file entry_10.txt (compact mmCIF, C-alpha atoms)
# COMPACT_ATOMS: atom_id res chain seq x y z
CA MET A 1361 0.00 0.00 0.00
CA SER A 1362 1.39 3.38 -0.94
CA LYS A 1363 2.43 5.57 1.99
CA ARG A 1364 2.92 9.31 2.29
CA ILE A 1365 6.55 9.66 3.36
CA LEU A 1366 8.29 12.86 4.40
CA ILE A 1367 12.04 12.68 3.82
CA VAL A 1368 14.07 15.37 5.57
CA GLY A 1369 17.51 15.64 4.03
CA ALA A 1370 16.21 14.40 0.69
CA THR A 1371 18.84 16.26 -1.30
CA GLY A 1372 21.80 14.82 0.64
CA THR A 1373 23.88 11.77 -0.21
CA VAL A 1374 21.68 9.25 1.62
CA GLY A 1375 18.50 11.18 0.89
CA ARG A 1376 18.93 11.08 -2.88
CA ALA A 1377 19.57 7.34 -2.80
CA LEU A 1378 16.54 6.84 -0.59
CA VAL A 1379 14.22 8.88 -2.80
CA HIS A 1380 15.48 6.95 -5.82
CA GLN A 1381 14.67 3.65 -4.08
CA ILE A 1382 11.13 4.37 -2.93
CA ALA A 1383 9.69 7.10 -5.13
CA GLY A 1384 8.05 4.59 -7.48
CA ARG A 1385 6.20 2.81 -4.70
CA HIS A 1386 5.27 5.60 -2.30
CA GLU A 1387 4.31 9.26 -2.29
CA VAL A 1388 7.58 10.89 -1.35
CA ILE A 1389 7.72 14.45 -0.04
CA PRO A 1390 11.33 15.56 -0.31
CA VAL A 1391 12.49 18.24 2.14
CA GLY A 1392 15.89 19.87 1.97
CA ARG A 1393 17.76 22.51 3.87
CA THR A 1394 17.96 24.90 0.94
CA ARG A 1395 16.79 22.68 -1.95
CA GLY A 1396 13.96 20.14 -2.46
CA ASP A 1397 10.22 20.75 -2.88
CA TYR A 1398 10.07 22.07 0.69
CA GLN A 1399 12.73 23.58 2.92
CA VAL A 1400 13.24 23.20 6.64
CA ASP A 1401 15.89 24.28 9.12
CA ILE A 1402 15.84 21.48 11.71
CA THR A 1403 17.55 23.71 14.27
CA ASP A 1404 14.48 25.98 14.24
CA SER A 1405 11.27 24.49 15.68
CA ALA A 1406 9.13 27.14 13.99
CA SER A 1407 10.54 26.09 10.63
CA ILE A 1408 9.68 22.43 11.32
CA ARG A 1409 6.19 23.28 12.47
CA ALA A 1410 5.61 25.44 9.40
CA VAL A 1411 6.39 22.63 6.98
CA PHE A 1412 4.10 20.18 8.82
CA ASP A 1413 1.31 22.78 8.97
CA LYS A 1414 1.60 23.13 5.21
CA LEU A 1415 1.75 19.40 4.45
CA GLY A 1416 -0.68 17.93 6.97
CA LYS A 1417 -0.70 14.27 7.98
CA VAL A 1418 1.91 11.77 6.77
CA ASP A 1419 2.51 8.04 7.30
CA ALA A 1420 6.25 8.21 7.85
CA ILE A 1421 8.90 10.76 8.74
CA VAL A 1422 12.43 9.86 7.70
CA SER A 1423 15.35 12.04 8.72
CA VAL A 1424 18.67 11.68 6.93
CA THR A 1425 20.25 14.93 7.97
CA GLY A 1426 22.27 16.70 10.64
CA ASP A 1427 25.73 18.17 11.14
CA LEU A 1428 28.49 16.91 13.45
CA HIS A 1429 31.85 18.26 14.49
CA PHE A 1430 34.94 16.16 13.78
CA GLY A 1431 38.24 17.16 15.37
CA PRO A 1432 40.84 16.31 18.02
CA LEU A 1433 39.51 15.89 21.56
CA ALA A 1434 42.47 17.79 22.99
CA GLU A 1435 41.41 20.94 21.12
CA MET A 1436 37.64 20.51 21.15
CA THR A 1437 35.64 23.43 22.52
CA THR A 1438 32.14 23.36 23.92
CA GLU A 1439 31.07 25.60 21.04
CA GLN A 1440 32.32 23.02 18.52
CA PHE A 1441 30.61 20.30 20.55
CA ARG A 1442 27.33 22.21 20.29
CA ILE A 1443 27.33 21.76 16.49
CA GLY A 1444 26.29 18.12 16.74
CA LEU A 1445 24.02 18.68 19.74
CA ASN A 1446 22.03 21.44 18.04
CA SER A 1447 21.93 19.95 14.54
CA LYS A 1448 22.08 16.16 14.24
CA LEU A 1449 20.78 15.50 17.77
CA LEU A 1450 18.28 18.18 18.75
CA GLY A 1451 17.31 18.82 15.12
CA GLN A 1452 16.21 15.22 14.66
CA VAL A 1453 14.65 15.09 18.15
CA ALA A 1454 12.64 18.19 17.25
CA LEU A 1455 11.43 16.51 14.05
CA ALA A 1456 10.16 13.64 16.19
CA LEU A 1457 8.66 15.78 18.97
CA ILE A 1458 6.77 17.97 16.53
CA GLY A 1459 6.20 15.30 13.90
CA GLN A 1460 4.51 12.83 16.29
CA HIS A 1461 1.39 15.02 16.11
CA PHE A 1462 1.33 14.96 12.30
CA LEU A 1463 1.59 11.17 11.89
CA ASN A 1464 -1.33 8.95 10.98
CA ASP A 1465 -2.09 6.05 13.34
CA GLY A 1466 0.54 3.33 13.03
CA GLY A 1467 2.97 5.74 11.40
CA SER A 1468 6.71 5.68 11.81
CA ILE A 1469 9.64 7.94 12.60
CA THR A 1470 13.10 6.95 11.35
CA LEU A 1471 16.14 8.91 12.50
CA THR A 1472 19.76 8.59 11.43
CA ALA A 1473 22.41 7.78 14.04
CA GLY A 1474 25.72 6.14 13.00
CA THR A 1475 28.08 3.31 13.84
CA VAL A 1476 30.46 5.63 15.67
CA SER A 1477 28.14 5.45 18.71
CA ASP A 1478 29.54 2.02 19.54
CA GLU A 1479 32.68 1.95 17.43
CA PRO A 1480 34.55 5.12 18.31
CA ILE A 1481 37.01 6.71 15.90
CA ARG A 1482 39.74 9.28 16.49
CA PHE A 1483 38.36 12.83 16.23
CA GLY A 1484 34.83 11.42 16.61
CA ALA A 1485 33.86 12.23 20.24
CA ASN A 1486 31.06 14.52 19.10
CA ALA A 1487 29.75 11.88 16.70
CA SER A 1488 29.90 9.10 19.33
CA THR A 1489 27.95 11.31 21.73
CA VAL A 1490 25.29 12.40 19.24
CA ASN A 1491 24.75 8.98 17.69
CA ALA A 1492 24.48 7.29 21.10
CA ALA A 1493 22.11 10.05 22.21
CA LEU A 1494 19.83 9.41 19.24
CA GLU A 1495 19.68 5.72 20.12
CA GLY A 1496 18.85 6.67 23.71
CA PHE A 1497 16.14 9.03 22.51
CA VAL A 1498 14.59 6.29 20.40
CA ARG A 1499 14.52 3.93 23.41
CA GLY A 1500 13.02 6.62 25.62
CA ALA A 1501 10.45 7.83 23.08
CA ALA A 1502 9.37 4.35 21.95
CA VAL A 1503 7.73 3.55 25.30
CA GLU A 1504 5.53 6.65 25.14
CA LEU A 1505 4.47 7.10 21.53
CA ALA A 1506 0.72 6.72 21.11
CA ARG A 1507 -1.60 5.36 18.38
CA GLY A 1508 0.79 2.59 17.32
CA ILE A 1509 3.43 5.03 16.17
CA ARG A 1510 6.91 3.51 15.95
CA ILE A 1511 10.34 5.10 16.16
CA ASN A 1512 13.70 3.71 15.05
CA ALA A 1513 17.23 4.87 14.37
CA VAL A 1514 19.37 3.57 11.51
CA SER A 1515 23.15 3.52 11.89
CA PRO A 1516 24.85 3.72 8.52
CA SER A 1517 28.58 3.18 8.23
CA VAL A 1518 30.76 5.48 6.16
CA LEU A 1519 29.42 5.78 2.60
CA GLU A 1520 31.25 5.12 -0.62
CA GLU A 1521 29.91 8.44 -1.86
CA SER A 1522 31.44 10.25 1.14
CA MET A 1523 34.88 8.66 1.11
CA SER A 1524 36.56 11.74 -0.33
CA SER A 1525 35.51 13.84 2.66
CA PHE A 1526 35.09 11.32 5.51
CA GLY A 1527 37.27 8.41 4.40
CA PRO A 1528 40.36 9.58 6.31
CA PHE A 1529 38.39 9.42 9.57
CA PHE A 1530 37.44 5.76 9.01
CA PRO A 1531 40.68 3.88 8.30
CA GLY A 1532 40.08 0.17 7.84
CA ILE A 1533 36.31 0.48 7.75
CA GLU A 1534 34.67 -0.80 4.60
CA PRO A 1535 32.38 1.80 3.03
CA VAL A 1536 28.89 0.94 1.79
CA PRO A 1537 26.99 2.53 -1.08
CA ALA A 1538 24.28 4.99 0.09
CA VAL A 1539 21.57 3.00 -1.59
CA ALA A 1540 22.44 -0.09 0.48
CA SER A 1541 22.42 1.83 3.76
CA ARG A 1542 18.74 2.61 3.47
CA SER A 1543 16.79 0.20 1.36
CA ALA A 1544 16.46 -2.49 4.07
CA MET A 1545 14.17 -0.55 6.32
CA PHE A 1546 11.53 0.03 3.70
CA GLU A 1547 11.32 -3.61 2.75
CA ALA A 1548 10.16 -4.48 6.29
CA MET B 1272 48.31 6.84 47.96
CA SER B 1273 46.33 9.98 48.58
CA LYS B 1274 44.93 11.64 45.46
CA ARG B 1275 43.75 15.17 44.80
CA ILE B 1276 40.14 14.75 43.74
CA LEU B 1277 37.85 17.47 42.41
CA ILE B 1278 34.19 16.66 43.04
CA VAL B 1279 31.72 18.75 41.05
CA GLY B 1280 28.28 18.52 42.58
CA ALA B 1281 29.75 17.88 46.03
CA THR B 1282 26.80 19.41 47.87
CA GLY B 1283 24.18 17.27 46.09
CA THR B 1284 22.69 13.99 47.26
CA VAL B 1285 25.32 11.75 45.66
CA GLY B 1286 28.09 14.30 46.17
CA ARG B 1287 27.64 14.48 49.93
CA ALA B 1288 27.70 10.70 50.22
CA LEU B 1289 30.80 10.55 48.04
CA VAL B 1290 32.69 13.19 50.02
CA HIS B 1291 31.78 11.37 53.22
CA GLN B 1292 33.21 8.12 51.81
CA ILE B 1293 36.56 9.36 50.55
CA ALA B 1294 37.45 12.50 52.48
CA GLY B 1295 39.51 10.59 55.04
CA ARG B 1296 41.67 8.92 52.42
CA HIS B 1297 42.10 11.57 49.73
CA GLU B 1298 42.38 15.33 49.37
CA VAL B 1299 38.85 16.23 48.31
CA ILE B 1300 38.08 19.56 46.67
CA PRO B 1301 34.32 20.01 46.85
CA VAL B 1302 32.72 22.18 44.18
CA GLY B 1303 29.06 23.17 44.23
CA ARG B 1304 26.77 25.22 42.08
CA THR B 1305 26.12 27.81 44.78
CA ARG B 1306 27.64 26.14 47.85
CA GLY B 1307 30.89 24.22 48.57
CA ASP B 1308 34.45 25.56 48.91
CA TYR B 1309 34.39 26.52 45.23
CA GLN B 1310 31.52 27.28 42.87
CA VAL B 1311 31.10 26.46 39.22
CA ASP B 1312 28.33 26.79 36.67
CA ILE B 1313 28.92 23.80 34.38
CA THR B 1314 26.84 25.42 31.62
CA ASP B 1315 29.45 28.21 31.41
CA SER B 1316 32.87 27.20 30.08
CA ALA B 1317 34.49 30.35 31.48
CA SER B 1318 33.27 29.40 34.94
CA ILE B 1319 34.79 25.90 34.60
CA ARG B 1320 38.07 27.26 33.32
CA ALA B 1321 38.22 29.79 36.17
CA VAL B 1322 37.96 27.12 38.87
CA PHE B 1323 40.66 24.97 37.24
CA ASP B 1324 42.93 27.99 36.82
CA LYS B 1325 42.54 28.67 40.52
CA LEU B 1326 43.08 25.07 41.65
CA GLY B 1327 45.79 23.83 39.29
CA LYS B 1328 46.46 20.14 38.61
CA VAL B 1329 44.35 17.34 40.09
CA ASP B 1330 44.45 13.53 39.93
CA ALA B 1331 40.73 12.97 39.41
CA ILE B 1332 37.67 14.87 38.29
CA VAL B 1333 34.37 13.45 39.46
CA SER B 1334 31.10 14.95 38.26
CA VAL B 1335 27.88 14.15 40.10
CA THR B 1336 25.74 16.94 38.77
CA GLY B 1337 23.46 18.06 35.96
CA ASP B 1338 19.79 18.80 35.34
CA LEU B 1339 17.33 16.85 33.19
CA HIS B 1340 13.77 17.45 32.06
CA PHE B 1341 11.11 14.90 33.00
CA GLY B 1342 7.70 15.11 31.35
CA PRO B 1343 5.33 13.56 28.82
CA LEU B 1344 6.75 13.05 25.33
CA ALA B 1345 3.51 14.22 23.73
CA GLU B 1346 3.95 17.67 25.27
CA MET B 1347 7.73 17.93 25.26
CA THR B 1348 9.16 21.03 23.58
CA THR B 1349 12.63 21.47 22.16
CA GLU B 1350 13.24 24.14 24.81
CA GLN B 1351 12.48 21.63 27.58
CA PHE B 1352 14.69 19.09 25.82
CA ARG B 1353 17.55 21.58 25.86
CA ILE B 1354 17.60 21.51 29.68
CA GLY B 1355 19.28 18.12 29.79
CA LEU B 1356 21.45 18.77 26.73
CA ASN B 1357 22.87 22.01 28.13
CA SER B 1358 23.23 20.92 31.75
CA LYS B 1359 23.76 17.21 32.43
CA LEU B 1360 25.19 16.47 28.96
CA LEU B 1361 27.18 19.45 27.70
CA GLY B 1362 27.97 20.60 31.24
CA GLN B 1363 29.71 17.32 32.04
CA VAL B 1364 31.31 17.14 28.58
CA ALA B 1365 32.70 20.64 29.15
CA LEU B 1366 34.17 19.53 32.48
CA ALA B 1367 35.97 16.73 30.61
CA LEU B 1368 37.06 18.83 27.63
CA ILE B 1369 38.51 21.57 29.82
CA GLY B 1370 39.54 19.32 32.70
CA GLN B 1371 41.66 16.98 30.54
CA HIS B 1372 44.33 19.69 30.47
CA PHE B 1373 44.37 20.02 34.26
CA LEU B 1374 44.82 16.32 35.05
CA ASN B 1375 48.08 14.77 36.14
CA ASP B 1376 49.39 11.84 34.08
CA GLY B 1377 47.31 8.74 34.68
CA GLY B 1378 44.46 10.80 36.08
CA SER B 1379 40.78 10.01 35.71
CA ILE B 1380 37.49 11.60 34.74
CA THR B 1381 34.26 10.12 36.11
CA LEU B 1382 30.93 11.37 34.81
CA THR B 1383 27.42 10.49 35.94
CA ALA B 1384 24.98 8.97 33.45
CA GLY B 1385 22.02 6.86 34.67
CA THR B 1386 20.23 3.58 34.14
CA VAL B 1387 17.48 5.23 32.09
CA SER B 1388 19.82 5.19 29.08
CA ASP B 1389 19.08 1.49 28.60
CA GLU B 1390 15.97 1.06 30.75
CA PRO B 1391 13.58 3.75 29.57
CA ILE B 1392 10.84 5.08 31.83
CA ARG B 1393 7.69 7.02 31.02
CA PHE B 1394 8.39 10.78 30.90
CA GLY B 1395 12.12 10.00 30.64
CA ALA B 1396 12.96 10.62 26.95
CA ASN B 1397 15.28 13.50 27.83
CA ALA B 1398 17.03 11.38 30.47
CA SER B 1399 17.42 8.38 28.13
CA THR B 1400 18.95 10.67 25.51
CA VAL B 1401 21.35 12.46 27.83
CA ASN B 1402 22.49 9.37 29.72
CA ALA B 1403 23.11 7.43 26.50
CA ALA B 1404 24.92 10.46 25.10
CA LEU B 1405 27.27 10.54 28.10
CA GLU B 1406 28.10 6.87 27.59
CA GLY B 1407 28.76 7.60 23.90
CA PHE B 1408 30.99 10.52 24.83
CA VAL B 1409 32.99 8.32 27.19
CA ARG B 1410 33.52 5.73 24.43
CA GLY B 1411 34.53 8.43 21.95
CA ALA B 1412 36.81 10.33 24.33
CA ALA B 1413 38.50 7.23 25.79
CA VAL B 1414 40.28 6.44 22.51
CA GLU B 1415 41.88 9.88 22.34
CA LEU B 1416 42.80 10.87 25.89
CA ALA B 1417 46.57 11.23 26.30
CA ARG B 1418 49.06 10.60 29.13
CA GLY B 1419 47.25 7.55 30.49
CA ILE B 1420 44.17 9.56 31.41
CA ARG B 1421 41.03 7.45 31.80
CA ILE B 1422 37.37 8.34 31.49
CA ASN B 1423 34.30 6.48 32.75
CA ALA B 1424 30.62 7.03 33.36
CA VAL B 1425 28.72 5.66 36.34
CA SER B 1426 25.01 4.89 36.02
CA PRO B 1427 23.27 5.10 39.35
CA SER B 1428 19.70 3.92 39.73
CA VAL B 1429 17.11 5.98 41.61
CA LEU B 1430 18.34 6.86 45.10
CA GLU B 1431 16.62 6.18 48.40
CA GLU B 1432 17.31 9.80 49.30
CA SER B 1433 15.53 11.01 46.14
CA MET B 1434 12.43 8.83 46.35
CA SER B 1435 10.20 11.67 47.51
CA SER B 1436 10.87 13.64 44.31
CA PHE B 1437 11.78 10.97 41.72
CA GLY B 1438 10.14 7.83 43.15
CA PRO B 1439 6.91 8.21 41.15
CA PHE B 1440 8.93 8.09 37.90
CA PHE B 1441 10.52 4.74 38.80
CA PRO B 1442 7.68 2.39 39.72
CA GLY B 1443 8.93 -1.10 40.55
CA ILE B 1444 12.59 -0.10 40.56
CA GLU B 1445 14.39 -0.74 43.82
CA PRO B 1446 16.15 2.38 45.09
CA VAL B 1447 19.73 2.30 46.37
CA PRO B 1448 21.29 4.48 49.06
CA ALA B 1449 23.51 7.26 47.63
CA VAL B 1450 26.53 5.98 49.47
CA ALA B 1451 26.24 2.60 47.70
CA SER B 1452 25.95 4.16 44.27
CA ARG B 1453 29.43 5.61 44.45
CA SER B 1454 31.78 3.77 46.75
CA ALA B 1455 32.63 0.99 44.31
CA MET B 1456 34.52 3.08 41.82
CA PHE B 1457 37.01 4.39 44.35
CA GLU B 1458 37.90 0.97 45.65
CA ALA B 1459 39.17 -0.04 42.20

call {"tool": "encode", "arguments": {"input": "entry_10.txt", "output": "structure tokens"}}
result
Amino acid sequence: MSKRILIVGATGTVGRALVHQIAGRHEVIPVGRTRGDYQVDITDSASIRAVFDKLGKVDAIVSVTGDLHFGPLAEMTTEQFRIGLNSKLLGQVALALIGQHFLNDGGSITLTAGTVSDEPIRFGANASTVNAALEGFVRGAAVELARGIRINAVSPSVLEESMSSFGPFFPGIEPVPAVASRSAMFEA
Amino acid sequence: MSKRILIVGATGTVGRALVHQIAGRHEVIPVGRTRGDYQVDITDSASIRAVFDKLGKVDAIVSVTGDLHFGPLAEMTTEQFRIGLNSKLLGQVALALIGQHFLNDGGSITLTAGTVSDEPIRFGANASTVNAALEGFVRGAAVELARGIRINAVSPSVLEESMSSFGPFFPGIEPVPAVASRSAMFEA
């Protein structure tokens, strides 16, 4: 059965692969930061609310977006650390907190964490924190969501498409193509 | 061998029990938010830096402090969610980021997470997020800390001393006395 699926981060590396995978089978509403059919700034609750007010009810909210800070722990400042907390963590949490009220019964929320939560890498303290936090949020939120609404986090590894920028941070870790990091969850 | 131990949150429920346990064996420097020999506001990096500048090198930094928001997920706002992110999470992370440079070789950092990271409770989404985040931070930071410095997080359950305020959030969970939640780590 065709679902109405909001994809936040639809113009990013994972987002484009995801849209490509499911657009033929579902009604996809692509949302980008500055591109896409709709725009949202996930660090601004009013911006999130505005896009939901415009779109109305959906069956699924998928978030494949959020910034992190990568850098040496010995030089890391709290301001740098805030980058991940405000964007990838609180931005996605805000999508869930606001979005829960715009989901049809039995709908789903899918957030993006990352393998670094459990498999730390050098320069990745902010990523380990944010990704673990998202998994904690999913556990905490899952016990309270009403009307059969589900919430999950997906933890992609480093992507083939991102090796030029992130590869040096993941020595010895085998990259996966973006399309493989996402397709599984929509086959369920 | 006697160590110089900074305890942030020394005037709180766990902090008082901790000071009581170790004050006879180690040089304890108690730090409170508004009380204690020294004061620090963990949400203000300048305040953290000022207390370390005043005190100089220590052998251990123990944090038993930080605020969370408890409340229904269906009504939770991003502003409420920020309470835990700014205080218990980023406050303790800031203590570690700044404090790493004021630790003697082989020193240790001990942060306080909580069992709700893995055992979610109703109204506890902010706590699950923050506590899991702290565990993620510890995993991420541990691989980078220099000079033999160690970092750990302790996850106390609900305390006997806190049952009047937090008891209703933890139905069926057996409380532990504050003194028991802390003594183990200093016997190691």

call {"tool": "residues_near_point", "arguments": {"input": "entry_10.txt", "point": "(28.9, 9.9, 50.8)", "cutoff": "10 Å", "atoms": "all atoms listed in the file", "output": "PyMOL selection string"}}
result
chain B and resi 1281+1283-1294+1448-1454

call {"tool": "closest_residue", "arguments": {"input": "entry_10.txt", "among": "B:Phe1394, B:Tyr1309, B:Phe1373, B:Phe1323", "to": "Leu1339 in chain B", "atoms": "all atoms listed in the file"}}
result
B:Phe1394

call {"tool": "interface_residues", "arguments": {"input": "entry_10.txt", "of": "chain B", "to": "chain A", "cutoff": "9 Å", "atoms": "only C-alpha atoms", "output": "ChimeraX atom specification"}}
result
/B:1316,1343-1349,1352-1353,1356,1361-1362,1364-1365,1368-1369,1371-1372,1387-1417

call {"tool": "write_last_selection", "arguments": {"input": "entry_10.txt", "atoms": "C-alpha atoms", "output": "PDB file, keeping the file's coordinate frame"}}
result
ATOM      1  CA  SER B1316      32.870  27.200  30.080  1.00  0.00           C
ATOM      2  CA  PRO B1343       5.330  13.560  28.820  1.00  0.00           C
ATOM      3  CA  LEU B1344       6.750  13.050  25.330  1.00  0.00           C
ATOM      4  CA  ALA B1345       3.510  14.220  23.730  1.00  0.00           C
ATOM      5  CA  GLU B1346       3.950  17.670  25.270  1.00  0.00           C
ATOM      6  CA  MET B1347       7.730  17.930  25.260  1.00  0.00           C
ATOM      7  CA  THR B1348       9.160  21.030  23.580  1.00  0.00           C
ATOM      8  CA  THR B1349      12.630  21.470  22.160  1.00  0.00           C
ATOM      9  CA  PHE B1352      14.690  19.090  25.820  1.00  0.00           C
ATOM     10  CA  ARG B1353      17.550  21.580  25.860  1.00  0.00           C
ATOM     11  CA  LEU B1356      21.450  18.770  26.730  1.00  0.00           C
ATOM     12  CA  LEU B1361      27.180  19.450  27.700  1.00  0.00           C
ATOM     13  CA  GLY B1362      27.970  20.600  31.240  1.00  0.00           C
ATOM     14  CA  VAL B1364      31.310  17.140  28.580  1.00  0.00           C
ATOM     15  CA  ALA B1365      32.700  20.640  29.150  1.00  0.00           C
ATOM     16  CA  LEU B1368      37.060  18.830  27.630  1.00  0.00           C
ATOM     17  CA  ILE B1369      38.510  21.570  29.820  1.00  0.00           C
ATOM     18  CA  GLN B1371      41.660  16.980  30.540  1.00  0.00           C
ATOM     19  CA  HIS B1372      44.330  19.690  30.470  1.00  0.00           C
ATOM     20  CA  VAL B1387      17.480   5.230  32.090  1.00  0.00           C
ATOM     21  CA  SER B1388      19.820   5.190  29.080  1.00  0.00           C
ATOM     22  CA  ASP B1389      19.080   1.490  28.600  1.00  0.00           C
ATOM     23  CA  GLU B1390      15.970   1.060  30.750  1.00  0.00           C
ATOM     24  CA  PRO B1391      13.580   3.750  29.570  1.00  0.00           C
ATOM     25  CA  ILE B1392      10.840   5.080  31.830  1.00  0.00           C
ATOM     26  CA  ARG B1393       7.690   7.020  31.020  1.00  0.00           C
ATOM     27  CA  PHE B1394       8.390  10.780  30.900  1.00  0.00           C
ATOM     28  CA  GLY B1395      12.120  10.000  30.640  1.00  0.00           C
ATOM     29  CA  ALA B1396      12.960  10.620  26.950  1.00  0.00           C
ATOM     30  CA  ASN B1397      15.280  13.500  27.830  1.00  0.00           C
ATOM     31  CA  ALA B1398      17.030  11.380  30.470  1.00  0.00           C
ATOM     32  CA  SER B1399      17.420   8.380  28.130  1.00  0.00           C
ATOM     33  CA  THR B1400      18.950  10.670  25.510  1.00  0.00           C
ATOM     34  CA  VAL B1401      21.350  12.460  27.830  1.00  0.00           C
ATOM     35  CA  ASN B1402      22.490   9.370  29.720  1.00  0.00           C
ATOM     36  CA  ALA B1403      23.110   7.430  26.500  1.00  0.00           C
ATOM     37  CA  ALA B1404      24.920  10.460  25.100  1.00  0.00           C
ATOM     38  CA  LEU B1405      27.270  10.540  28.100  1.00  0.00           C
ATOM     39  CA  GLU B1406      28.100   6.870  27.590  1.00  0.00           C
ATOM     40  CA  GLY B1407      28.760   7.600  23.900  1.00  0.00           C
ATOM     41  CA  PHE B1408      30.990  10.520  24.830  1.00  0.00           C
ATOM     42  CA  VAL B1409      32.990   8.320  27.190  1.00  0.00           C
ATOM     43  CA  ARG B1410      33.520   5.730  24.430  1.00  0.00           C
ATOM     44  CA  GLY B1411      34.530   8.430  21.950  1.00  0.00           C
ATOM     45  CA  ALA B1412      36.810  10.330  24.330  1.00  0.00           C
ATOM     46  CA  ALA B1413      38.500   7.230  25.790  1.00  0.00           C
ATOM     47  CA  VAL B1414      40.280   6.440  22.510  1.00  0.00           C
ATOM     48  CA  GLU B1415      41.880   9.880  22.340  1.00  0.00           C
ATOM     49  CA  LEU B1416      42.800  10.870  25.890  1.00  0.00           C
ATOM     50  CA  ALA B1417      46.570  11.230  26.300  1.00  0.00           C
TER      51      ALA B1417
END

call {"tool": "atom_distance", "arguments": {"input": "entry_10.txt", "atom1": "CA of Ile1402 in chain A", "atom2": "CA of Thr1425 in chain A"}}
result
8.7 Å

call {"tool": "atom_distance", "arguments": {"input": "entry_10.txt", "atom1": "CA of His1429 in chain A", "atom2": "CA of Thr1470 in chain A"}}
result
22.1 Å

call {"tool": "closest_residue", "arguments": {"input": "entry_10.txt", "among": "B:Gly1280, B:Ser1379, B:Gln1363, B:Ile1444", "to": "Arg1306 in chain B", "atoms": "all atoms listed in the file"}}
result
B:Gly1280

call {"tool": "atom_distance", "arguments": {"input": "entry_10.txt", "atom1": "CA of Arg1275 in chain B", "atom2": "CA of Asp1338 in chain B"}}
result
26.0 Å

call {"tool": "closest_residue", "arguments": {"input": "entry_10.txt", "among": "B:Asp1312, B:Ser1318, B:Leu1277, B:Ser1334", "to": "Ile1300 in chain B", "atoms": "all atoms listed in the file"}}
result
B:Leu1277

call {"tool": "closest_residue", "arguments": {"input": "entry_10.txt", "among": "A:Phe1430, A:Leu1415, A:Gly1384, A:Pro1390", "to": "Ser1525 in chain A", "atoms": "only C-alpha atoms"}}
result
A:Phe1430

call {"tool": "closest_residue", "arguments": {"input": "entry_10.txt", "among": "A:Arg1393, A:Ile1421, A:Val1411, A:Arg1385", "to": "Ile1367 in chain A", "atoms": "all atoms listed in the file"}}
result
A:Ile1421

call {"tool": "closest_residue", "arguments": {"input": "entry_10.txt", "among": "A:Gly1467, A:Gly1527, A:Gly1474, A:Gly1392", "to": "Asp1419 in chain A", "atoms": "all atoms listed in the file"}}
result
A:Gly1467
